[in-house]
>>> print(open('my_file-v2.csv').read())   # CSV, C-alpha atoms and all ligand atoms
chain,number,residue,atom,x,y,z
A,1,MET,CA,142.5,131.6,202.0
A,2,LEU,CA,146.1,132.4,201.3
A,3,SER,CA,147.1,136.0,200.3
A,4,ILE,CA,150.3,136.1,198.2
A,5,ILE,CA,151.9,139.5,198.2
A,6,VAL,CA,154.5,140.3,195.5
A,7,PRO,CA,156.2,143.7,195.5
A,8,CYS,CA,157.2,144.5,191.9
A,9,TYR,CA,159.5,147.3,190.8
A,10,ASN,CA,160.5,147.2,187.2
A,11,GLU,CA,159.9,143.5,186.9
A,12,GLU,CA,158.5,143.3,183.4
A,13,ALA,CA,161.0,140.6,182.5
A,14,ALA,CA,160.7,138.6,185.7
A,15,LEU,CA,156.9,138.8,186.4
A,16,PRO,CA,155.6,136.5,183.7
A,17,LEU,CA,158.3,133.9,184.6
A,18,TYR,CA,157.4,134.2,188.2
A,19,TYR,CA,153.7,133.6,187.5
A,20,ALA,CA,154.5,130.6,185.3
A,21,GLU,CA,156.5,129.0,188.1
A,22,LEU,CA,153.9,130.0,190.8
A,23,GLU,CA,151.1,128.5,188.8
A,24,LYS,CA,152.6,125.0,189.2
A,25,TYR,CA,152.0,125.1,192.9
A,26,LEU,CA,148.7,127.0,193.1
A,27,PRO,CA,146.6,123.9,193.0
A,28,GLN,CA,148.3,122.7,196.2
A,29,VAL,CA,147.6,125.9,198.1
A,30,GLY,CA,143.8,125.9,197.7
A,31,GLU,CA,142.0,129.2,197.8
A,32,TYR,CA,144.2,132.2,197.2
A,33,GLU,CA,144.5,135.8,196.1
A,34,LEU,CA,147.6,137.2,194.4
A,35,ILE,CA,148.3,140.8,195.2
A,36,LEU,CA,150.8,142.4,192.8
A,37,VAL,CA,152.0,145.7,194.2
A,38,ASP,CA,153.5,147.8,191.5
A,39,ASP,CA,155.9,150.1,193.2
A,40,GLY,CA,155.9,152.9,190.7
A,41,SER,CA,157.6,150.9,187.9
A,42,ALA,CA,158.9,152.8,185.0
A,43,ASP,CA,158.7,149.8,182.6
A,44,LYS,CA,155.9,147.6,181.5
A,45,THR,CA,155.3,145.9,184.8
A,46,VAL,CA,151.7,147.1,185.1
A,47,GLU,CA,150.9,146.0,181.6
A,48,LYS,CA,152.3,142.5,182.3
A,49,ALA,CA,150.3,142.4,185.5
A,50,LYS,CA,147.2,143.3,183.7
A,51,GLU,CA,147.9,140.5,181.1
A,52,LEU,CA,148.2,138.1,184.0
A,53,LYS,CA,145.0,139.4,185.6
A,54,ALA,CA,143.1,138.7,182.3
A,55,LYS,CA,144.0,135.0,182.7
A,56,ASP,CA,143.6,134.7,186.5
A,57,GLU,CA,140.8,136.6,188.3
A,58,HIS,CA,142.4,135.9,191.7
A,59,ILE,CA,144.9,138.7,190.9
A,60,VAL,CA,144.6,142.1,192.6
A,61,ILE,CA,146.8,144.9,191.3
A,62,LEU,CA,147.8,147.9,193.4
A,63,SER,CA,149.7,150.5,191.6
A,64,PHE,CA,151.7,153.2,193.4
A,65,SER,CA,151.9,156.8,192.2
A,66,ARG,CA,155.7,156.6,192.4
A,67,ASN,CA,158.4,154.4,193.7
A,68,PHE,CA,158.0,154.2,197.5
A,69,GLY,CA,160.3,151.2,198.2
A,70,LYS,CA,159.8,147.6,199.0
A,71,GLU,CA,158.8,148.2,202.6
A,72,ALA,CA,155.9,150.4,201.5
A,73,ALA,CA,154.9,147.8,198.9
A,74,MET,CA,154.8,145.0,201.5
A,75,LEU,CA,152.8,147.2,203.9
A,76,ALA,CA,150.3,148.0,201.1
A,77,GLY,CA,150.0,144.3,200.3
A,78,MET,CA,149.4,143.3,203.9
A,79,THR,CA,146.8,146.1,204.4
A,80,GLU,CA,145.0,144.8,201.3
A,81,ALA,CA,145.3,141.1,202.1
A,82,LYS,CA,142.1,139.3,203.2
A,83,GLY,CA,143.5,135.8,203.6
A,84,ASP,CA,143.8,133.8,206.8
A,85,TYR,CA,147.4,133.3,205.8
A,86,VAL,CA,149.7,135.8,204.2
A,87,VAL,CA,152.9,135.2,202.3
A,88,ILE,CA,155.3,137.8,200.9
A,89,MET,CA,157.6,136.9,198.1
A,90,ASP,CA,159.8,138.6,195.5
A,91,ALA,CA,158.9,138.7,191.8
A,92,ASP,CA,162.4,137.6,190.7
A,93,LEU,CA,162.0,133.9,191.7
A,94,GLN,CA,164.7,134.3,194.4
A,95,ASP,CA,161.9,133.2,196.7
A,96,PRO,CA,161.1,129.8,195.3
A,97,PRO,CA,157.3,129.1,195.0
A,98,LYS,CA,158.0,125.4,195.4
A,99,LEU,CA,158.3,126.0,199.2
A,100,LEU,CA,154.7,127.4,199.4
A,101,PRO,CA,152.9,124.1,200.0
A,102,GLU,CA,155.3,123.1,202.7
A,103,MET,CA,155.1,126.5,204.4
A,104,LEU,CA,151.3,126.4,204.3
A,105,GLN,CA,151.3,123.0,205.8
A,106,ILE,CA,153.5,124.2,208.7
A,107,VAL,CA,151.4,127.2,209.6
A,108,GLN,CA,148.2,125.2,209.2
A,109,SER,CA,149.5,122.4,211.6
A,110,GLY,CA,149.1,125.0,214.4
A,111,GLU,CA,152.5,124.6,216.0
A,112,TYR,CA,153.9,127.7,214.4
A,113,ASP,CA,152.4,131.2,213.6
A,114,SER,CA,154.9,131.9,210.9
A,115,VAL,CA,157.4,130.3,208.6
A,116,ALA,CA,160.3,132.3,207.4
A,117,THR,CA,163.2,131.4,205.1
A,118,TYR,CA,166.9,132.2,205.2
A,119,ARG,CA,169.6,131.4,202.7
A,120,VAL,CA,172.4,129.3,203.9
A,121,ASP,CA,174.9,130.8,201.5
A,122,ARG,CA,175.3,134.1,199.6
A,123,LYS,CA,176.3,132.6,196.3
A,124,GLY,CA,176.4,135.1,193.4
A,125,GLU,CA,176.7,138.1,195.7
A,126,PRO,CA,179.7,140.4,195.6
A,127,PRO,CA,182.1,139.3,198.5
A,128,ILE,CA,182.4,142.8,199.9
A,129,ARG,CA,178.6,143.0,200.2
A,130,SER,CA,178.5,139.6,202.0
A,131,PHE,CA,181.2,140.8,204.4
A,132,PHE,CA,179.3,144.0,205.4
A,133,ALA,CA,176.0,142.1,205.6
A,134,ARG,CA,177.5,139.6,208.1
A,135,ARG,CA,179.0,142.5,210.1
A,136,PHE,CA,175.6,144.2,210.1
A,137,TYR,CA,173.8,141.2,211.5
A,138,LYS,CA,176.4,140.7,214.2
A,139,LEU,CA,176.2,144.4,215.2
A,140,ILE,CA,172.5,144.8,215.2
A,141,ASN,CA,171.9,141.6,217.1
A,142,LYS,CA,174.3,142.8,219.8
A,143,MET,CA,172.3,146.0,220.2
A,144,ILE,CA,168.6,144.9,220.0
A,145,ASP,CA,166.5,142.8,222.3
A,146,VAL,CA,165.1,140.5,219.6
A,147,GLU,CA,167.1,138.4,217.2
A,148,ILE,CA,167.3,138.9,213.4
A,149,VAL,CA,168.5,135.8,211.7
A,150,ASP,CA,171.5,136.4,209.4
A,151,GLY,CA,170.4,135.8,205.8
A,152,ALA,CA,166.7,135.8,206.6
A,153,ARG,CA,164.7,136.9,203.7
A,154,ASP,CA,161.4,138.7,203.6
A,155,TYR,CA,159.9,135.5,202.1
A,156,ARG,CA,157.7,134.6,205.0
A,157,MET,CA,154.2,133.1,205.6
A,158,MET,CA,152.2,134.4,208.5
A,159,LYS,CA,148.9,133.8,210.2
A,160,ARG,CA,146.3,136.5,210.3
A,161,ALA,CA,147.1,137.4,213.9
A,162,MET,CA,150.7,138.1,213.1
A,163,VAL,CA,149.8,140.3,210.1
A,164,GLU,CA,147.4,142.3,212.4
A,165,ALA,CA,150.3,142.8,214.9
A,166,ILE,CA,152.5,144.1,212.1
A,167,LEU,CA,149.8,146.4,210.8
A,168,SER,CA,149.4,147.8,214.3
A,169,MET,CA,152.9,149.1,214.2
A,170,LYS,CA,152.3,152.5,212.7
A,171,GLU,CA,155.8,153.7,212.2
A,172,VAL,CA,156.7,155.4,208.9
A,173,ASN,CA,160.4,154.2,208.9
A,174,ARG,CA,159.7,150.6,208.4
A,175,PHE,CA,162.4,148.0,208.8
A,176,SER,CA,160.6,144.7,208.2
A,177,LYS,CA,163.4,142.4,209.3
A,178,GLY,CA,163.1,144.2,212.7
A,179,ILE,CA,159.4,144.4,212.7
A,180,PHE,CA,159.0,140.6,212.0
A,181,ALA,CA,161.3,139.8,214.9
A,182,TRP,CA,159.8,142.5,217.2
A,183,VAL,CA,156.2,141.2,217.1
A,184,GLY,CA,157.3,137.8,218.3
A,185,PHE,CA,155.2,134.7,217.5
A,186,ARG,CA,156.5,131.2,217.0
A,187,THR,CA,158.5,131.2,213.8
A,188,LYS,CA,159.9,128.2,212.0
A,189,TYR,CA,162.9,128.8,209.8
A,190,LEU,CA,163.4,126.9,206.5
A,191,GLU,CA,166.7,127.1,204.9
A,192,TYR,CA,167.4,127.0,201.2
A,193,GLU,CA,170.3,127.7,198.9
A,194,ASN,CA,170.6,131.2,197.4
A,195,VAL,CA,169.1,131.4,193.9
A,196,GLU,CA,170.0,134.2,191.5
A,197,ARG,CA,167.3,136.4,190.1
A,198,VAL,CA,165.8,135.1,186.8
A,199,ALA,CA,165.7,138.3,184.9
A,200,GLY,CA,166.2,142.1,185.4
A,201,GLU,CA,168.6,143.4,188.0
A,202,THR,CA,168.8,144.0,191.7
A,203,LYS,CA,167.6,147.4,192.9
A,204,TRP,CA,170.1,147.5,195.8
A,205,SER,CA,173.3,149.4,195.5
A,206,PHE,CA,175.9,149.3,198.2
A,207,TRP,CA,174.9,152.7,199.5
A,208,LYS,CA,171.2,151.9,199.5
A,209,LEU,CA,172.0,148.9,201.6
A,210,PHE,CA,174.2,151.0,203.9
A,211,GLY,CA,171.3,153.4,204.4
A,212,TYR,CA,169.0,150.4,205.1
A,213,ALA,CA,171.4,149.2,207.7
A,214,ILE,CA,171.4,152.5,209.5
A,215,GLU,CA,167.6,152.6,209.3
A,216,GLY,CA,167.5,149.2,211.0
A,217,ILE,CA,169.7,150.2,213.8
A,218,VAL,CA,168.1,153.6,214.4
A,219,GLY,CA,164.6,152.1,214.1
A,220,PHE,CA,165.2,149.4,216.7
A,221,THR,CA,167.6,150.5,219.3
A,222,THR,CA,168.9,153.7,220.9
A,223,ALA,CA,172.1,152.0,221.9
A,224,PRO,CA,174.2,154.4,219.7
A,225,LEU,CA,173.1,157.3,221.9
A,226,ARG,CA,174.1,155.3,225.0
A,227,ILE,CA,177.5,154.6,223.3
A,228,ALA,CA,177.9,158.3,222.7
A,229,THR,CA,177.2,159.0,226.4
A,230,ILE,CA,179.7,156.4,227.5
A,231,THR,CA,182.4,157.6,225.0
A,232,GLY,CA,181.9,161.2,226.3
A,233,THR,CA,182.3,160.1,229.9
A,234,LEU,CA,185.4,158.1,229.2
A,235,ILE,CA,187.1,160.8,227.3
A,236,SER,CA,186.2,163.5,229.9
A,237,GLY,CA,187.7,161.2,232.5
A,238,PHE,CA,190.8,160.7,230.5
A,239,GLY,CA,191.0,164.5,229.9
A,240,PHE,CA,190.8,165.2,233.6
A,241,LEU,CA,193.6,162.7,234.4
A,242,TYR,CA,195.7,164.2,231.6
A,243,MET,CA,195.1,167.7,233.0
A,244,ILE,CA,196.4,166.6,236.5
A,245,TYR,CA,199.5,165.0,234.8
A,246,ILE,CA,200.3,168.2,232.8
A,247,ALA,CA,199.9,170.4,235.9
A,248,LEU,CA,202.1,168.2,238.0
A,249,LYS,CA,204.7,167.9,235.3
A,250,ALA,CA,204.8,171.7,234.9
A,251,LEU,CA,205.1,172.2,238.7
A,252,ILE,CA,207.9,169.6,239.1
A,253,PHE,CA,209.9,170.1,235.9
A,254,GLY,CA,208.8,173.5,234.6
A,255,ASP,CA,208.7,173.6,230.8
A,256,PRO,CA,204.9,174.4,230.4
A,257,VAL,CA,205.0,175.2,226.7
A,258,ALA,CA,206.0,171.9,225.0
A,259,GLY,CA,203.3,169.6,223.6
A,260,PHE,CA,202.2,171.2,220.4
A,261,PRO,CA,201.8,167.8,218.6
A,262,SER,CA,199.8,166.3,221.4
A,263,LEU,CA,197.6,169.3,221.3
A,264,ILE,CA,196.8,168.9,217.6
A,265,VAL,CA,196.1,165.2,218.1
A,266,ILE,CA,193.7,165.9,221.0
A,267,ILE,CA,191.9,168.7,219.1
A,268,THR,CA,191.3,166.6,216.0
A,269,LEU,CA,190.3,163.5,218.0
A,270,LEU,CA,187.8,165.4,220.1
A,271,GLY,CA,186.6,167.4,217.1
A,272,GLY,CA,186.0,164.1,215.2
A,273,ILE,CA,184.2,162.5,218.1
A,274,GLN,CA,182.0,165.5,218.6
A,275,LEU,CA,180.9,165.5,215.0
A,276,LEU,CA,180.3,161.8,215.1
A,277,VAL,CA,178.1,162.1,218.2
A,278,LEU,CA,176.3,165.0,216.7
A,279,GLY,CA,175.7,162.8,213.6
A,280,VAL,CA,174.3,160.0,215.7
A,281,ILE,CA,171.9,162.4,217.5
A,282,GLY,CA,171.0,163.9,214.1
A,283,GLU,CA,170.0,160.5,212.8
A,284,TYR,CA,167.5,160.0,215.6
A,285,LEU,CA,166.3,163.6,215.3
A,286,ALA,CA,165.7,163.1,211.6
A,287,LYS,CA,163.8,159.9,212.1
A,288,THR,CA,161.7,161.7,214.8
A,289,TYR,CA,161.0,164.5,212.4
A,290,VAL,CA,159.9,162.2,209.6
A,291,GLU,CA,157.7,160.2,212.1
A,292,THR,CA,155.9,163.3,213.4
A,293,LYS,CA,154.9,164.4,209.9
A,294,ARG,CA,152.7,161.2,209.8
A,295,ARG,CA,152.9,161.1,206.0
A,296,PRO,CA,151.3,158.0,204.4
A,297,SER,CA,153.9,155.3,203.5
A,298,TYR,CA,152.5,155.0,200.0
A,299,ILE,CA,149.9,156.4,197.6
A,300,ILE,CA,147.8,154.1,195.5
A,301,LYS,CA,147.1,155.5,192.1
A,302,GLU,CA,145.1,152.6,190.7
A,303,ARG,CA,143.6,149.5,192.1
A,304,LEU,CA,142.4,146.6,190.0
B,401,LIG,N1,161.2,146.1,195.0
B,401,LIG,C1,160.2,147.0,195.2
B,401,LIG,N2,160.5,148.3,195.3
B,401,LIG,C2,161.8,148.8,195.3
B,401,LIG,C3,162.8,147.8,195.1
B,401,LIG,C4,162.5,146.5,195.0
B,401,LIG,O1,159.0,146.6,195.2
B,401,LIG,O2,162.0,149.9,195.4
B,401,LIG,C5,160.9,144.6,194.8
B,401,LIG,C6,161.5,144.0,193.6
B,401,LIG,O3,160.6,144.1,192.5
B,401,LIG,C7,161.6,142.5,194.0
B,401,LIG,C8,161.8,142.6,195.5
B,401,LIG,O4,161.4,143.9,195.9
B,401,LIG,O5,160.3,141.8,193.8
B,401,LIG,C9,163.3,142.4,195.9
B,401,LIG,O6,164.1,143.3,195.1
B,401,LIG,P1,165.5,142.9,194.6
B,401,LIG,O7,165.4,141.6,193.9
B,401,LIG,O8,166.0,144.0,193.8
B,401,LIG,O9,166.4,142.8,195.9
B,401,LIG,P2,167.4,141.6,196.3
B,401,LIG,O10,166.7,140.3,196.0
B,401,LIG,O11,168.6,141.8,195.4
B,401,LIG,O12,167.7,141.8,197.7
B,402,MG,MG,166.0,139.7,194.3
>>> encode(input="my_file-v2.csv", output="structure tokens", more="lines below")
Ligand code: UDP
Ligand code: MG
Amino acid sequence: MLSIIVPCYNEEAALPLYYAELEKYLPQVGEYELILVDDGSADKTVEKAKELKAKDEHIVILSFSRNFGKEAAMLAGMTEAKGDYVVIMDADLQDPPKLLPEMLQIVQSGEYDSVATYRVDRKGEPPIRSFFARRFYKLINKMIDVEIVDGARDYRMMKRAMVEAILSMKEVNRFSKGIFAWVGFRTKYLEYENVERVAGETKWSFWKLFGYAIEGIVGFTTAPLRIATITGTLISGFGFLYMIYIALKALIFGDPVAGFPSLIVIITLLGGIQLLVLGVIGEYLAKTYVETKRRPSYIIKERL
């Protein structure tokens, strides 16, 4: 059986269109269940889901008590899924259902444990967002041991074993792109051209994405802490050399008072670096704090 997981947040417009498209390919995937995870939508998403369920009894609806984010919705879907294969896809048709039969064939053939997708272009995306996205992938891949493919989407089909591996990662700060890469398994990447969402609008603002990027880095590497240590060491070394230079200069030429501008520069530079490093430490401390509280990632209000 194939479990299809769809996180939905305010998708009243897109959901019926999604199902209509998905329906065309369902006969080719055999036995399935469709898990619609309503992530605390404020619109009529749940009503639309219930209408679909009235037509198709393979639908399971999980409704969150509030908006917990897509990561939580994916986790809930995977926890609920009973299939031998599990696929995660968006409700806005940016993850084309027409790839499903091919993906299923690939994981069933046994050579791969998972089939992931990535978009070859970023058509329809603001250029500044694409620019920072590219920088982010370059940066994170330099810092972590596993590779995250640039443009990889969460649209991915996995075998049961891989889903179990993902569920065994109990962290609260979940960065799926990292988790998928971290668990390993043989993954085949299919490429496709970016499709714009059919209806509704994206839930990602620039700052939300920025926070997500920090989350990814803090969640998967402690390299920034190492960088802080190295920066501190270099600057201390530089400070020591400068001290010797000043002392010698004063001894040889006299004039110990000059240098007010350089003093200001040094104070602001060091003050800035100290705050930055404190911020980096704070990010890790904050994550540790959140993790130790062991709060559930989501709360299910209704299950149908
Ligand atoms: N989504 C969600 N919870 C959120 C934000 C988004 O479940 O808090 C779902 C959304 O309904 C969609 C998918 O995650 O099915 C991707 O969201 P979106 O299309 O806004 O992201 P983008 O495709 O622009 O990256
Ligand atoms: Mg989308």
>>> closest_residue(input="my_file-v2.csv", among="A:Ile264, A:Ala133, A:Cys8, A:Ala116", to="Tyr212 in chain A", atoms="all atoms listed in the file")
A:Ala133
>>> residues_near_point(input="my_file-v2.csv", point="(145.4, 124.7, 208.3)", cutoff="10 Å", atoms="all atoms listed in the file", output="PyMOL selection string")
chain A and resi 1+84-85+104-110+159
>>> closest_atom_pairs(input="my_file-v2.csv", of="chain A", to="ligand MG 402 (chain B)", cutoff="6 Å", atoms="only C-alpha atoms and all ligand atoms", output="CSV")
residue,atom,partner,partner_atom,distance
A:Asp92,CA,B:MG402,MG,5.5
A:Gln94,CA,B:MG402,MG,5.6
A:Arg197,CA,B:MG402,MG,5.5
A:Thr202,CA,B:MG402,MG,5.8
>>> residues_near_ligand(input="my_file-v2.csv", ligand="ligand LIG 401 (chain B)", cutoff="9 Å", atoms="only C-alpha atoms and all ligand atoms", output="PyMOL selection string")
chain A and resi 6-11+14-15+37-41+67-74+89-95+125+153-154+196-197+200-205
>>> closest_residue(input="my_file-v2.csv", among="A:Thr79, A:Ser65, A:Asn173, A:Thr231", to="Ala42 in chain A", atoms="all atoms listed in the file")
A:Ser65
>>> decode(input="my_file-v2.csv", residues="range 26-62 of chain A", atoms="N, CA and C atoms", output="PDB file, in the first residue's frame")
ATOM      1  N   LEU A  26      -4.424   7.729  -9.559  1.00  0.00           N
ATOM      2  CA  LEU A  26      -4.647   6.744  -8.504  1.00  0.00           C
ATOM      3  C   LEU A  26      -4.795   5.311  -9.017  1.00  0.00           C
ATOM      4  N   PRO A  27      -5.495   5.108 -10.165  1.00  0.00           N
ATOM      5  CA  PRO A  27      -5.604   3.715 -10.639  1.00  0.00           C
ATOM      6  C   PRO A  27      -4.232   3.079 -10.894  1.00  0.00           C
ATOM      7  N   GLN A  28      -3.248   3.906 -11.217  1.00  0.00           N
ATOM      8  CA  GLN A  28      -1.918   3.356 -11.514  1.00  0.00           C
ATOM      9  C   GLN A  28      -1.085   3.035 -10.275  1.00  0.00           C
ATOM     10  N   VAL A  29      -1.520   3.517  -9.103  1.00  0.00           N
ATOM     11  CA  VAL A  29      -0.696   3.265  -7.920  1.00  0.00           C
ATOM     12  C   VAL A  29      -1.207   2.102  -7.078  1.00  0.00           C
ATOM     13  N   GLY A  30      -2.355   1.544  -7.443  1.00  0.00           N
ATOM     14  CA  GLY A  30      -2.879   0.398  -6.696  1.00  0.00           C
ATOM     15  C   GLY A  30      -3.472   0.823  -5.374  1.00  0.00           C
ATOM     16  N   GLU A  31      -3.249  -0.001  -4.339  1.00  0.00           N
ATOM     17  CA  GLU A  31      -3.854   0.298  -3.048  1.00  0.00           C
ATOM     18  C   GLU A  31      -3.202   1.537  -2.431  1.00  0.00           C
ATOM     19  N   TYR A  32      -4.011   2.398  -1.839  1.00  0.00           N
ATOM     20  CA  TYR A  32      -3.454   3.636  -1.285  1.00  0.00           C
ATOM     21  C   TYR A  32      -4.284   4.138  -0.119  1.00  0.00           C
ATOM     22  N   GLU A  33      -3.697   5.041   0.668  1.00  0.00           N
ATOM     23  CA  GLU A  33      -4.466   5.846   1.612  1.00  0.00           C
ATOM     24  C   GLU A  33      -3.993   7.282   1.410  1.00  0.00           C
ATOM     25  N   LEU A  34      -4.920   8.216   1.564  1.00  0.00           N
ATOM     26  CA  LEU A  34      -4.572   9.630   1.352  1.00  0.00           C
ATOM     27  C   LEU A  34      -4.750  10.342   2.690  1.00  0.00           C
ATOM     28  N   ILE A  35      -3.636  10.760   3.270  1.00  0.00           N
ATOM     29  CA  ILE A  35      -3.690  11.397   4.590  1.00  0.00           C
ATOM     30  C   ILE A  35      -3.620  12.904   4.424  1.00  0.00           C
ATOM     31  N   LEU A  36      -4.723  13.581   4.668  1.00  0.00           N
ATOM     32  CA  LEU A  36      -4.749  15.037   4.565  1.00  0.00           C
ATOM     33  C   LEU A  36      -4.516  15.594   5.969  1.00  0.00           C
ATOM     34  N   VAL A  37      -3.433  16.298   6.156  1.00  0.00           N
ATOM     35  CA  VAL A  37      -3.140  16.852   7.476  1.00  0.00           C
ATOM     36  C   VAL A  37      -3.491  18.330   7.467  1.00  0.00           C
ATOM     37  N   ASP A  38      -4.554  18.676   8.163  1.00  0.00           N
ATOM     38  CA  ASP A  38      -4.936  20.084   8.226  1.00  0.00           C
ATOM     39  C   ASP A  38      -4.143  20.744   9.346  1.00  0.00           C
ATOM     40  N   ASP A  39      -3.279  21.650   8.947  1.00  0.00           N
ATOM     41  CA  ASP A  39      -2.361  22.283   9.891  1.00  0.00           C
ATOM     42  C   ASP A  39      -2.990  23.542  10.501  1.00  0.00           C
ATOM     43  N   GLY A  40      -4.136  23.353  11.150  1.00  0.00           N
ATOM     44  CA  GLY A  40      -4.795  24.485  11.804  1.00  0.00           C
ATOM     45  C   GLY A  40      -5.266  25.564  10.843  1.00  0.00           C
ATOM     46  N   SER A  41      -5.819  25.147   9.715  1.00  0.00           N
ATOM     47  CA  SER A  41      -6.261  26.132   8.714  1.00  0.00           C
ATOM     48  C   SER A  41      -7.364  27.021   9.269  1.00  0.00           C
ATOM     49  N   ALA A  42      -7.350  28.287   8.839  1.00  0.00           N
ATOM     50  CA  ALA A  42      -8.371  29.225   9.288  1.00  0.00           C
ATOM     51  C   ALA A  42      -9.508  29.316   8.269  1.00  0.00           C
ATOM     52  N   ASP A  43      -9.315  28.712   7.100  1.00  0.00           N
ATOM     53  CA  ASP A  43     -10.360  28.789   6.068  1.00  0.00           C
ATOM     54  C   ASP A  43     -11.158  27.481   6.015  1.00  0.00           C
ATOM     55  N   LYS A  44     -11.724  27.174   4.883  1.00  0.00           N
ATOM     56  CA  LYS A  44     -12.602  26.000   4.800  1.00  0.00           C
ATOM     57  C   LYS A  44     -11.879  24.726   4.360  1.00  0.00           C
ATOM     58  N   THR A  45     -10.589  24.639   4.623  1.00  0.00           N
ATOM     59  CA  THR A  45      -9.830  23.455   4.213  1.00  0.00           C
ATOM     60  C   THR A  45     -10.425  22.155   4.760  1.00  0.00           C
ATOM     61  N   VAL A  46     -10.808  22.158   6.047  1.00  0.00           N
ATOM     62  CA  VAL A  46     -11.332  20.925   6.651  1.00  0.00           C
ATOM     63  C   VAL A  46     -12.647  20.516   5.992  1.00  0.00           C
ATOM     64  N   GLU A  47     -13.511  21.524   5.734  1.00  0.00           N
ATOM     65  CA  GLU A  47     -14.782  21.226   5.067  1.00  0.00           C
ATOM     66  C   GLU A  47     -14.531  20.604   3.692  1.00  0.00           C
ATOM     67  N   LYS A  48     -13.581  21.188   2.973  1.00  0.00           N
ATOM     68  CA  LYS A  48     -13.253  20.660   1.634  1.00  0.00           C
ATOM     69  C   LYS A  48     -12.732  19.233   1.752  1.00  0.00           C
ATOM     70  N   ALA A  49     -11.903  19.003   2.771  1.00  0.00           N
ATOM     71  CA  ALA A  49     -11.348  17.657   2.977  1.00  0.00           C
ATOM     72  C   ALA A  49     -12.472  16.668   3.280  1.00  0.00           C
ATOM     73  N   LYS A  50     -13.420  17.112   4.095  1.00  0.00           N
ATOM     74  CA  LYS A  50     -14.543  16.223   4.437  1.00  0.00           C
ATOM     75  C   LYS A  50     -15.395  15.907   3.210  1.00  0.00           C
ATOM     76  N   GLU A  51     -15.579  16.911   2.350  1.00  0.00           N
ATOM     77  CA  GLU A  51     -16.320  16.670   1.101  1.00  0.00           C
ATOM     78  C   GLU A  51     -15.623  15.603   0.271  1.00  0.00           C
ATOM     79  N   LEU A  52     -14.282  15.685   0.218  1.00  0.00           N
ATOM     80  CA  LEU A  52     -13.526  14.697  -0.552  1.00  0.00           C
ATOM     81  C   LEU A  52     -13.647  13.321   0.095  1.00  0.00           C
ATOM     82  N   LYS A  53     -13.619  13.304   1.419  1.00  0.00           N
ATOM     83  CA  LYS A  53     -13.702  12.024   2.134  1.00  0.00           C
ATOM     84  C   LYS A  53     -15.039  11.339   1.892  1.00  0.00           C
ATOM     85  N   ALA A  54     -16.089  12.150   1.716  1.00  0.00           N
ATOM     86  CA  ALA A  54     -17.408  11.577   1.436  1.00  0.00           C
ATOM     87  C   ALA A  54     -17.387  10.811   0.114  1.00  0.00           C
ATOM     88  N   LYS A  55     -16.490  11.247  -0.805  1.00  0.00           N
ATOM     89  CA  LYS A  55     -16.407  10.583  -2.118  1.00  0.00           C
ATOM     90  C   LYS A  55     -15.421   9.419  -2.115  1.00  0.00           C
ATOM     91  N   ASP A  56     -14.383   9.538  -1.273  1.00  0.00           N
ATOM     92  CA  ASP A  56     -13.291   8.570  -1.322  1.00  0.00           C
ATOM     93  C   ASP A  56     -12.957   8.094   0.095  1.00  0.00           C
ATOM     94  N   GLU A  57     -13.278   6.835   0.356  1.00  0.00           N
ATOM     95  CA  GLU A  57     -13.087   6.373   1.752  1.00  0.00           C
ATOM     96  C   GLU A  57     -11.633   6.069   2.094  1.00  0.00           C
ATOM     97  N   HIS A  58     -10.731   6.207   1.114  1.00  0.00           N
ATOM     98  CA  HIS A  58      -9.308   6.015   1.417  1.00  0.00           C
ATOM     99  C   HIS A  58      -8.706   7.231   2.096  1.00  0.00           C
ATOM    100  N   ILE A  59      -9.516   8.281   2.268  1.00  0.00           N
ATOM    101  CA  ILE A  59      -8.977   9.518   2.843  1.00  0.00           C
ATOM    102  C   ILE A  59      -9.016   9.478   4.371  1.00  0.00           C
ATOM    103  N   VAL A  60      -7.918   9.884   4.972  1.00  0.00           N
ATOM    104  CA  VAL A  60      -7.838  10.036   6.427  1.00  0.00           C
ATOM    105  C   VAL A  60      -7.590  11.524   6.663  1.00  0.00           C
ATOM    106  N   ILE A  61      -8.331  12.128   7.584  1.00  0.00           N
ATOM    107  CA  ILE A  61      -8.106  13.548   7.866  1.00  0.00           C
ATOM    108  C   ILE A  61      -7.572  13.711   9.284  1.00  0.00           C
ATOM    109  N   LEU A  62      -6.448  14.372   9.411  1.00  0.00           N
ATOM    110  CA  LEU A  62      -5.917  14.710  10.735  1.00  0.00           C
ATOM    111  C   LEU A  62      -6.000  16.220  10.845  1.00  0.00           C
TER     112      LEU A  62
END
